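Following: one structure in structure tokens, then a few remarks.
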Protein chains: 2
Amino acid sequence: MQEKITEEQKQMARFAKAMGHPVRMYILELLAGQSCCYSGDLSEDLPIAKSTLSQHLKELKDAGLIQGTIERPKIKYCLNQENWDRARELFRKFME
Amino acid sequence: MQEKITEEQKQMARFAKAMGHPVRMYILELLAGQSCCYSGDLSEDLPIAKSTLSQHLKELKDAGLIQGTIERPKIKYCLNQENWDRARELFRKFME
DNA sequence: TTCGTATTTCGCAAATGTACGAACAAATAA
DNA sequence: TTATTTGTTCGTACATTTGCGAAATACGAA
């Protein structure tokens with residue numbers, strides 16, 4: 001009955017949880033393909049309120065998958081490359 | 001404002017959501033490594049109640065990632081190979 | 001039939017997630 | 001200064017998830 005769940009498994013679950021919503025998958029796939037985007041552009045593409053979008057972006061940030069940098073008057077979102085690479089490596093090994 | 005989220009993104013989010021819990025990642029990684037296991041074995045390895053484990057297995061089944069076959073008196077769980085391959089392919093493309 | 005084994009379902013509670021609009025904040029434009 | 005733009009936070013509502021123990025189910029063994 002001892003704990004057999006590894007830190008890597010916990011980390012993968014954390015990443016997967018962040019990916020576990022269609023809107024967040026959309027955002028991640030967009031960023032993975034073109035590196036960066038603005039929140040406003042997302043808002044135009046997605047049928048959700050801005051406050052809801054803001055929450056989804058926050059979740060992705062909290063999971064470490066993306067990062068936002070201020071470019072007045074907008075905010076530019078990009079993948080957090082270091083953690084994205086980490087996620088890729090974990091999932092690659094997991095699903096190979 | 002039209003819907004831009006694809007069916008593939010929804011499917012990936014569905015898989016990711018199922019992977020979004022440490023216990024379920026543990027189970028999936030076990031199955032990915034050795035193909036099959038019994039619920040009772042999992043119950044001994046994991047610090048959770050059997051009813052809770054049963055729910056996690058149900059979620060993985062509902063997401064299509066695993067399947068259970070009765071081998072009295074136990075139930076043998078394996079990856080659902082068809083959907084697992086589908087998931088691997090989706091994530092491989094997504095994270096390449 | 002009664003017992004034991006393996007697992008699921010039920011009922012419940014607590015925590016988390018999803019979504020919205022209103023209110024707020026920060027900076028620039030008029 | 002006031003208005004506009006861009007985005008976050010707050011308050012609220014509802015749905016889903018997570019977890020447990022008790023009860024139910026299914027079947028083979030005694």
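To be explicit about the labels: the chains of the structure tokens are called A, B, and onward in the order shown, and within each one the residues are counted from 1, while ligands get numbers from 1 in the order they are shown.
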Q: Pick out the chain B residues within 7 Å of chain A. Count only C-alpha atoms. Give them as a list of chain:residue names.
A: B:Met1, B:Gln2, B:Glu3, B:Lys4, B:Ile5, B:Gln9, B:Lys10, B:Ala13, B:Arg14, B:Ala16, B:Lys17, B:Met19, B:Gly20, B:His21, B:Pro22, B:Met25, B:Tyr26, B:Glu29, B:Glu44, B:Asp45, B:Leu46, B:Pro47, B:Arg88, B:Phe94, B:Met95
Closest pair table for chain C residues within 8 Å of chain B, only C-alpha atoms (C1' of nucleotides), as JSON lines:
{"residue": "C:DT5", "atom": "C1'", "partner": "B:Pro73", "partner_atom": "CA", "distance": 7.2}
{"residue": "C:DA6", "atom": "C1'", "partner": "B:Lys74", "partner_atom": "CA", "distance": 5.8}
{"residue": "C:DT7", "atom": "C1'", "partner": "B:Ser54", "partner_atom": "CA", "distance": 7.7}
{"residue": "C:DT8", "atom": "C1'", "partner": "B:Ser54", "partner_atom": "CA", "distance": 7.1}
Could you write out that same residue set with C-alpha atoms (C1' of nucleotides) as a tab-separated table (two decimals), in the first residue's frame?
chain	number	residue	atom	x	y	z
C	5	DT	C1'	-14.09	-13.36	-3.41
C	6	DA	C1'	-13.84	-9.52	-6.65
C	7	DT	C1'	-15.73	-5.62	-8.18
C	8	DT	C1'	-19.32	-2.12	-9.05
Q. Taking the backbone alone, and naming residues the way the document does, which bits of chain B are strand (DSSP E or B) by DSSP, as a PyMOL selection string?
A. chain B and resi 36-38+66-71+74-79
Could you please take those selected residues and save N, CA, C and O atoms as a short mmCIF file (atom, residue, chain, number, x, y, z; two decimals), in the first residue's frame?
data_model
loop_
_atom_site.label_atom_id
_atom_site.label_comp_id
_atom_site.auth_asym_id
_atom_site.auth_seq_id
_atom_site.Cartn_x
_atom_site.Cartn_y
_atom_site.Cartn_z
N CYS B 36 -1.25 -5.68 -19.54
CA CYS B 36 -2.46 -5.99 -18.80
C CYS B 36 -2.23 -6.07 -17.29
O CYS B 36 -1.11 -6.26 -16.84
N CYS B 37 -3.29 -5.94 -16.52
CA CYS B 37 -3.20 -6.12 -15.08
C CYS B 37 -4.59 -6.37 -14.51
O CYS B 37 -5.59 -6.20 -15.19
N TYR B 38 -4.62 -6.75 -13.25
CA TYR B 38 -5.89 -6.98 -12.56
C TYR B 38 -6.17 -5.86 -11.58
O TYR B 38 -5.25 -5.31 -10.96
N ILE B 66 -8.85 2.26 -22.00
CA ILE B 66 -8.63 0.88 -21.54
C ILE B 66 -9.89 0.07 -21.74
O ILE B 66 -10.96 0.60 -22.03
N GLN B 67 -9.74 -1.24 -21.56
CA GLN B 67 -10.91 -2.11 -21.60
C GLN B 67 -10.73 -3.22 -20.59
O GLN B 67 -9.59 -3.60 -20.26
N GLY B 68 -11.82 -3.72 -20.06
CA GLY B 68 -11.74 -4.78 -19.07
C GLY B 68 -12.44 -6.03 -19.57
O GLY B 68 -13.51 -5.95 -20.16
N THR B 69 -11.78 -7.16 -19.35
CA THR B 69 -12.43 -8.42 -19.72
C THR B 69 -12.50 -9.31 -18.49
O THR B 69 -11.56 -9.36 -17.69
N ILE B 70 -13.61 -9.96 -18.35
CA ILE B 70 -13.86 -10.78 -17.17
C ILE B 70 -13.07 -12.07 -17.26
O ILE B 70 -13.12 -12.78 -18.27
N GLU B 71 -12.31 -12.34 -16.20
CA GLU B 71 -11.61 -13.62 -16.05
C GLU B 71 -11.88 -14.08 -14.63
O GLU B 71 -11.06 -13.86 -13.75
N LYS B 74 -11.73 -12.56 -11.43
CA LYS B 74 -11.18 -11.21 -11.52
C LYS B 74 -11.57 -10.55 -12.83
O LYS B 74 -12.22 -11.15 -13.68
N ILE B 75 -11.13 -9.31 -12.94
CA ILE B 75 -11.31 -8.60 -14.21
C ILE B 75 -9.94 -8.15 -14.69
O ILE B 75 -9.19 -7.53 -13.93
N LYS B 76 -9.63 -8.47 -15.90
CA LYS B 76 -8.33 -8.11 -16.46
C LYS B 76 -8.46 -6.84 -17.28
O LYS B 76 -9.31 -6.75 -18.16
N TYR B 77 -7.62 -5.88 -16.94
CA TYR B 77 -7.64 -4.61 -17.68
C TYR B 77 -6.46 -4.52 -18.62
O TYR B 77 -5.34 -4.82 -18.25
N CYS B 78 -6.75 -4.07 -19.84
CA CYS B 78 -5.71 -3.84 -20.85
C CYS B 78 -5.97 -2.49 -21.50
O CYS B 78 -7.06 -1.93 -21.40
N LEU B 79 -4.95 -1.99 -22.18
CA LEU B 79 -5.17 -0.82 -23.02
C LEU B 79 -6.17 -1.20 -24.11
O LEU B 79 -6.19 -2.34 -24.58
#
Q) What residues in chain D have any atom no more than 12 Å from chain B when counting only C-alpha atoms (C1' of nucleotides), and can you write them as a VMD selection string? A) chain D and resid 17 to 22 26 to 29
Q) What is the distance, in Å and to one decimal place, between CA of Leu90 in chain A and CA of Leu90 in chain B? A) 15.3 Å
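Between CA of Leu57 in chain B and C1' of DT25 in chain D lies a distance of 18.0 Å.
Between CA of Asp41 in chain A and CA of Lys61 in chain A the separation is 17.7 Å.
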